[in-house]
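Working notes, beginning with the structure itself.
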Amino acid sequence: MGRKFLVGGNWKMNASKQLVNTLVSNLNAAEWNTDEIEVVIAPPAPYLDLVRSLAKPEVYVSAQNIYFEKKGAFTGEISSEFLKDLGITWTILGHSERREIFKESDEVTAKKVAYALGEGLSVIACVGEKLEEREANQTAAVVFRQLAAIATVLKPEDWTHVVVAYEPVWAIGTGKVASPQQAQDVHAEIRTWLRDNVSEAVAEQTRILYGGSVSAKNSADLQTQIDIDGFLIGGASLTGDFITIINTRSA
Ligand SMILES: O=C(CO)COP(=O)(O)O
């Protein structure tokens with residue numbers, strides 16, 4: 001069975017009730033073949049409930065991060081319990097902004113991934129190298145290290161609910177998209193890593209998204225690559241580009 005293409009929108013720290021209304025009504029009016037495309041949007045936590053209640057069922061809603069405890073004295077954190085209560089079935093974890101700005105380590109990220117899966121959530125787990133790491137030919141080493149931290153705490157069957165997002169940090173929000181070949185090369189390495197370190201089945205079935213300056217202009221070329229199974233889109237998910245990208249895939 002083929003890997004279903006996933007178009008994800010990470011709104012990051014951008015939202016208002018008005019923006020939610022606009023973006024969700026545009027998505028509700030759009031159509032795509034749900035046998036071939038999965039659409040997931042990740043608004044900021046305070047808007048998850050509103051987005052879930054407005055969006056049609058074909059739109060999956062995701063948190064941008066959660067903590068690895070159910071409840072208690074963890075001021076400011078988001079529990080998987082809140083997500084379940086609100087009908088939210090996905091979370092992004094390990095985004096480079098969490099890793100860089102909020103100092104979330106490989107280990108913390110892995111712990112969150114394992115916890116989220118244990119709570120029945122699906123996870124978009126992000127990996128990716130910084131510019132200086134790419135320039136030092138460390139791309140594979142960094143991505144493999146990030147993957148290994150996650151793989152260590154998962155059972156092979158857990159991977160059914162994991163999507164890997166390869167997001168080179170130098171491409172995020174910079175307009176410097178990876179070329180289709182640059183992205184494909186790393187995606188293929190990730191798949192090989194999964195084959196060698198988890199299993200053939202997990203390597204075949206796990207979707208690997210590309211993220212970093214994806215736009216309506218470059219999505220068609222990127223999606224021709226054999227190991228690119230979807231996108232995690234930041235800036236362009238806040239504009240009409242998001243639907244154009246879905247439509248480009250549908251066409
Ligand atoms: O970080 C990203 C998605 O998670 C990518 O952001 P941009 O699409 O704005 O580069």
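How things are named: the first chain in the structure tokens is A, the next is B, and so on; residues count from 1 in each chain; ligands count from 1 in the order shown.
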
Show me which residues are within 7 Å of ligand 1 counting only C-alpha atoms and all ligand atoms, and format the list as a PDB file with C-alpha atoms, in the first residue's frame.
ATOM      1  CA  ASN A  10       2.102  24.584  11.152  1.00  0.00           C
ATOM      2  CA  HIS A  95      10.172  21.193  15.894  1.00  0.00           C
ATOM      3  CA  GLU A 167      13.003  20.348   8.146  1.00  0.00           C
ATOM      4  CA  ALA A 171      15.290  26.466   4.956  1.00  0.00           C
ATOM      5  CA  ILE A 172      12.732  27.382   7.603  1.00  0.00           C
ATOM      6  CA  GLY A 173      11.190  30.799   7.114  1.00  0.00           C
ATOM      7  CA  THR A 174      14.103  31.905   4.952  1.00  0.00           C
ATOM      8  CA  GLY A 175      12.673  31.490   1.457  1.00  0.00           C
ATOM      9  CA  GLY A 211       9.376  21.357   5.546  1.00  0.00           C
ATOM     10  CA  GLY A 212      11.182  24.638   4.962  1.00  0.00           C
ATOM     11  CA  SER A 213       9.959  27.442   2.707  1.00  0.00           C
ATOM     12  CA  VAL A 214       7.463  25.235   0.872  1.00  0.00           C
ATOM     13  CA  LEU A 232       4.997  20.559   6.732  1.00  0.00           C
ATOM     14  CA  ILE A 233       4.257  24.126   5.775  1.00  0.00           C
ATOM     15  CA  GLY A 234       4.794  27.184   7.946  1.00  0.00           C
ATOM     16  CA  GLY A 235       4.314  30.632   6.428  1.00  0.00           C
ATOM     17  CA  ALA A 236       2.389  29.439   3.391  1.00  0.00           C
TER      18      ALA A 236
END

Distance query Ser122 in chain A at most 10 Å, only C-alpha atoms, self and fewer than 6 positions along chain excluded, as a PDB file with C-alpha atoms, in the first residue's frame:
ATOM      1  CA  SER A  62      -2.791  18.982  15.552  1.00  0.00           C
ATOM      2  CA  ILE A  88      -7.452  16.614  18.710  1.00  0.00           C
ATOM      3  CA  THR A  89      -5.648  13.547  17.400  1.00  0.00           C
ATOM      4  CA  TRP A  90      -2.240  14.817  16.324  1.00  0.00           C
ATOM      5  CA  THR A  91       0.713  16.678  17.723  1.00  0.00           C
ATOM      6  CA  ILE A  92       3.906  18.010  16.202  1.00  0.00           C
ATOM      7  CA  VAL A 113       7.065  11.218  21.209  1.00  0.00           C
ATOM      8  CA  ALA A 116       2.141  11.014  22.919  1.00  0.00           C
ATOM      9  CA  ASP A 158       4.573   2.537  17.424  1.00  0.00           C
ATOM     10  CA  TRP A 159       5.853   3.834  14.075  1.00  0.00           C
ATOM     11  CA  THR A 160       2.402   3.327  12.515  1.00  0.00           C
ATOM     12  CA  HIS A 161       1.415   6.619  14.137  1.00  0.00           C
ATOM     13  CA  VAL A 162       4.622   8.528  13.475  1.00  0.00           C
ATOM     14  CA  VAL A 163       5.292  10.819  10.552  1.00  0.00           C
TER      15      VAL A 163
END

Open item on the list: I want to know what sits within 10 Å of range 45-50 of chain A, based on only C-alpha atoms, with residues of the same chain fewer than 4 positions away left out; could you give that as a list of chain:residue names?
Closed with: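 Residues meeting the cut-off are A:Lys12, A:Met13, A:Ala15, A:Ser16, A:Lys17, A:Val20, A:Asn21, A:Val24, A:Ile41, A:Leu54, A:Ala55, A:Val61, A:Ser62, A:Ala63, A:Gln64, A:Asn65, A:Ile66, A:Glu77, A:Ile78, A:Phe82, A:Leu83, A:Asp85, A:Leu86, A:Gly87, A:Ile88.
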
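Residues with any atom within 9 Å of Glu107 in chain A, counting only C-alpha atoms and excluding same-chain neighbours fewer than 2 positions away, are Glu104, Ser105, Thr109, Ala110, Lys111, Lys112, Gln146, Ala149 and Ile150 of chain A.
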
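If you look at CA of Ala220 in chain A and CA of Pro168 in chain A, they are 18.9 Å away from each other.
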